[in-house]
$ cat structure.csv   # CSV, C-alpha atoms
chain,number,residue,atom,x,y,z
A,981,MET,CA,12.3,2.8,7.5
A,982,SER,CA,12.6,1.4,4.0
A,983,LYS,CA,10.1,2.2,1.3
A,984,MET,CA,7.1,-0.2,1.2
A,985,THR,CA,6.6,-2.3,-1.8
A,986,ARG,CA,3.3,-2.2,-3.8
A,987,PHE,CA,2.4,-5.6,-2.3
A,988,GLU,CA,2.9,-4.4,1.3
A,989,LYS,CA,0.7,-1.3,0.5
A,990,ALA,CA,-2.0,-3.5,-1.0
A,991,ARG,CA,-2.0,-5.8,2.0
A,992,LEU,CA,-2.2,-2.9,4.5
A,993,ILE,CA,-5.0,-1.1,2.5
A,994,GLY,CA,-6.9,-4.4,2.2
A,995,ALA,CA,-6.7,-5.3,5.8
A,996,ARG,CA,-7.6,-1.8,7.0
A,997,ALA,CA,-10.5,-1.6,4.5
A,998,LEU,CA,-11.9,-4.9,5.9
A,999,GLN,CA,-11.7,-3.5,9.4
A,1000,LEU,CA,-13.5,-0.3,8.3
A,1001,ALA,CA,-16.2,-2.3,6.5
A,1002,MET,CA,-16.7,-4.3,9.7
A,1003,GLY,CA,-17.4,-1.2,11.7
A,1004,ALA,CA,-14.0,0.2,12.9
A,1005,LYS,CA,-13.8,3.9,13.3
A,1006,PRO,CA,-11.9,5.8,10.7
A,1007,LEU,CA,-8.8,7.7,12.0
A,1008,VAL,CA,-9.1,10.5,9.4
A,1009,ASP,CA,-11.9,12.9,8.5
A,1010,ILE,CA,-14.2,11.0,6.1
A,1011,PRO,CA,-14.1,12.4,2.6
A,1012,GLU,CA,-17.2,12.6,0.4
A,1013,SER,CA,-16.7,8.9,-0.6
A,1014,LYS,CA,-17.5,6.5,2.2
A,1015,ASP,CA,-15.8,3.6,0.4
A,1016,PRO,CA,-13.6,1.7,2.9
A,1017,ILE,CA,-10.8,1.4,0.4
A,1018,ASP,CA,-10.7,5.1,-0.2
A,1019,ILE,CA,-10.6,5.8,3.6
A,1020,ALA,CA,-7.9,3.1,4.1
A,1021,THR,CA,-5.8,4.7,1.3
A,1022,LEU,CA,-6.1,8.1,2.9
A,1023,GLU,CA,-5.1,6.7,6.3
A,1024,LEU,CA,-2.0,5.2,4.7
A,1025,LYS,CA,-1.1,8.4,3.0
A,1026,LYS,CA,-1.4,10.3,6.3
A,1027,SER,CA,0.6,7.6,8.1
A,1028,VAL,CA,-2.1,7.0,10.7
A,1029,ILE,CA,-3.0,3.5,9.7
A,1030,PRO,CA,-2.8,1.3,12.9
A,1031,LEU,CA,-1.0,-1.6,11.2
A,1032,ALA,CA,2.7,-2.4,10.7
A,1033,VAL,CA,4.7,-4.4,8.2
A,1034,ARG,CA,7.2,-6.9,9.5
A,1035,LYS,CA,10.0,-7.8,7.2

$ encode --input "structure.csv" --output "structure tokens"
Amino acid sequence: MSKMTRFEKARLIGARALQLAMGAKPLVDIPESKDPIDIATLELKKSVIPLAVRK
């Protein structure tokens, strides 16, 4: 898989943060910060984010 661009990363984090803000369960242990963007970023870093990029 090719490396994601910064725009693709921003789109994935934004979409997942919206899901989390609307009540979706996080797929990682929640850190001290309960900010949906922080949780979405952590999910992306750990490669457990349930979204994919189509090119």

$ closest_residue --input "structure.csv" --among "A:Leu1031, A:Leu1007, A:Leu1022, A:Ile1017" --to "Glu988 in chain A" --atoms "only C-alpha atoms"
A:Leu1031

$ residues_near_point --input "structure.csv" --point "(-2.7, 6.8, 4.8)" --cutoff "12 Å" --atoms "all atoms listed in the file" --output "PyMOL selection string"
chain A and resi 989-990+992-993+996-997+1006-1009+1017-1031

$ atom_distance --input "structure.csv" --atom1 "CA of Leu998 in chain A" --atom2 "CA of Pro1016 in chain A"
7.4 Å

$ atom_distance --input "structure.csv" --atom1 "CA of Ala995 in chain A" --atom2 "CA of Lys1035 in chain A"
16.9 Å

$ atom_distance --input "structure.csv" --atom1 "CA of Asp1015 in chain A" --atom2 "CA of Arg991 in chain A"
16.8 Å

$ axis_aligned_box --input "structure.csv" --around "range 1026-1029 of chain A" --padding-each-side "8 Å" --output "lines of an AutoDock Vina configuration file"
center_x = -1.2
center_y = 6.9
center_z = 8.5
size_x = 19.6
size_y = 22.8
size_z = 20.4

$ decode --input "structure.csv" --residues "chain A" --atoms "C-alpha atoms" --output "mmCIF file, in the first residue's frame"
data_model
loop_
_atom_site.group_PDB
_atom_site.id
_atom_site.type_symbol
_atom_site.label_atom_id
_atom_site.label_comp_id
_atom_site.auth_asym_id
_atom_site.auth_seq_id
_atom_site.Cartn_x
_atom_site.Cartn_y
_atom_site.Cartn_z
ATOM 1 C CA MET A 981 0.000 0.000 0.000
ATOM 2 C CA SER A 982 1.309 3.426 -0.887
ATOM 3 C CA LYS A 983 1.835 6.108 1.699
ATOM 4 C CA MET A 984 -1.197 8.259 2.483
ATOM 5 C CA THR A 985 -1.112 11.932 1.672
ATOM 6 C CA ARG A 986 -1.778 14.531 4.364
ATOM 7 C CA PHE A 987 -5.159 15.175 2.768
ATOM 8 C CA GLU A 988 -6.151 11.508 3.015
ATOM 9 C CA LYS A 989 -5.036 11.391 6.641
ATOM 10 C CA ALA A 990 -7.034 14.535 7.435
ATOM 11 C CA ARG A 991 -10.127 13.085 5.750
ATOM 12 C CA LEU A 992 -9.881 9.798 7.673
ATOM 13 C CA ILE A 993 -9.275 11.493 11.014
ATOM 14 C CA GLY A 994 -12.136 13.937 10.426
ATOM 15 C CA ALA A 995 -14.599 11.242 9.401
ATOM 16 C CA ARG A 996 -13.672 8.978 12.318
ATOM 17 C CA ALA A 997 -13.745 11.868 14.819
ATOM 18 C CA LEU A 998 -17.284 12.666 13.666
ATOM 19 C CA GLN A 999 -18.301 9.035 14.212
ATOM 20 C CA LEU A 1000 -16.776 9.087 17.701
ATOM 21 C CA ALA A 1001 -18.484 12.367 18.555
ATOM 22 C CA MET A 1002 -21.817 10.848 17.508
ATOM 23 C CA GLY A 1003 -21.366 7.926 19.915
ATOM 24 C CA ALA A 1004 -19.292 5.275 18.128
ATOM 25 C CA LYS A 1005 -17.162 3.109 20.387
ATOM 26 C CA PRO A 1006 -13.406 3.782 20.264
ATOM 27 C CA LEU A 1007 -11.273 0.883 19.026
ATOM 28 C CA VAL A 1008 -8.308 1.776 21.256
ATOM 29 C CA ASP A 1009 -7.885 2.415 24.954
ATOM 30 C CA ILE A 1010 -9.002 5.971 25.596
ATOM 31 C CA PRO A 1011 -6.122 8.222 26.672
ATOM 32 C CA GLU A 1012 -6.481 10.935 29.299
ATOM 33 C CA SER A 1013 -7.869 13.218 26.582
ATOM 34 C CA LYS A 1014 -11.387 12.360 25.485
ATOM 35 C CA ASP A 1015 -11.194 14.581 22.405
ATOM 36 C CA PRO A 1016 -12.566 12.659 19.361
ATOM 37 C CA ILE A 1017 -9.772 13.996 17.141
ATOM 38 C CA ASP A 1018 -7.104 12.680 19.524
ATOM 39 C CA ILE A 1019 -8.784 9.274 19.669
ATOM 40 C CA ALA A 1020 -9.153 9.133 15.861
ATOM 41 C CA THR A 1021 -5.495 10.071 15.421
ATOM 42 C CA LEU A 1022 -4.452 7.317 17.821
ATOM 43 C CA GLU A 1023 -6.621 4.801 15.939
ATOM 44 C CA LEU A 1024 -4.962 5.813 12.665
ATOM 45 C CA LYS A 1025 -1.466 5.474 14.157
ATOM 46 C CA LYS A 1026 -2.313 1.981 15.426
ATOM 47 C CA SER A 1027 -3.912 1.045 12.065
ATOM 48 C CA VAL A 1028 -7.243 0.039 13.586
ATOM 49 C CA ILE A 1029 -9.345 2.797 12.044
ATOM 50 C CA PRO A 1030 -12.338 1.126 10.319
ATOM 51 C CA LEU A 1031 -12.135 3.269 7.179
ATOM 52 C CA ALA A 1032 -10.281 2.865 3.891
ATOM 53 C CA VAL A 1033 -9.026 5.160 1.172
ATOM 54 C CA ARG A 1034 -9.934 4.417 -2.427
ATOM 55 C CA LYS A 1035 -7.586 5.897 -5.000
#
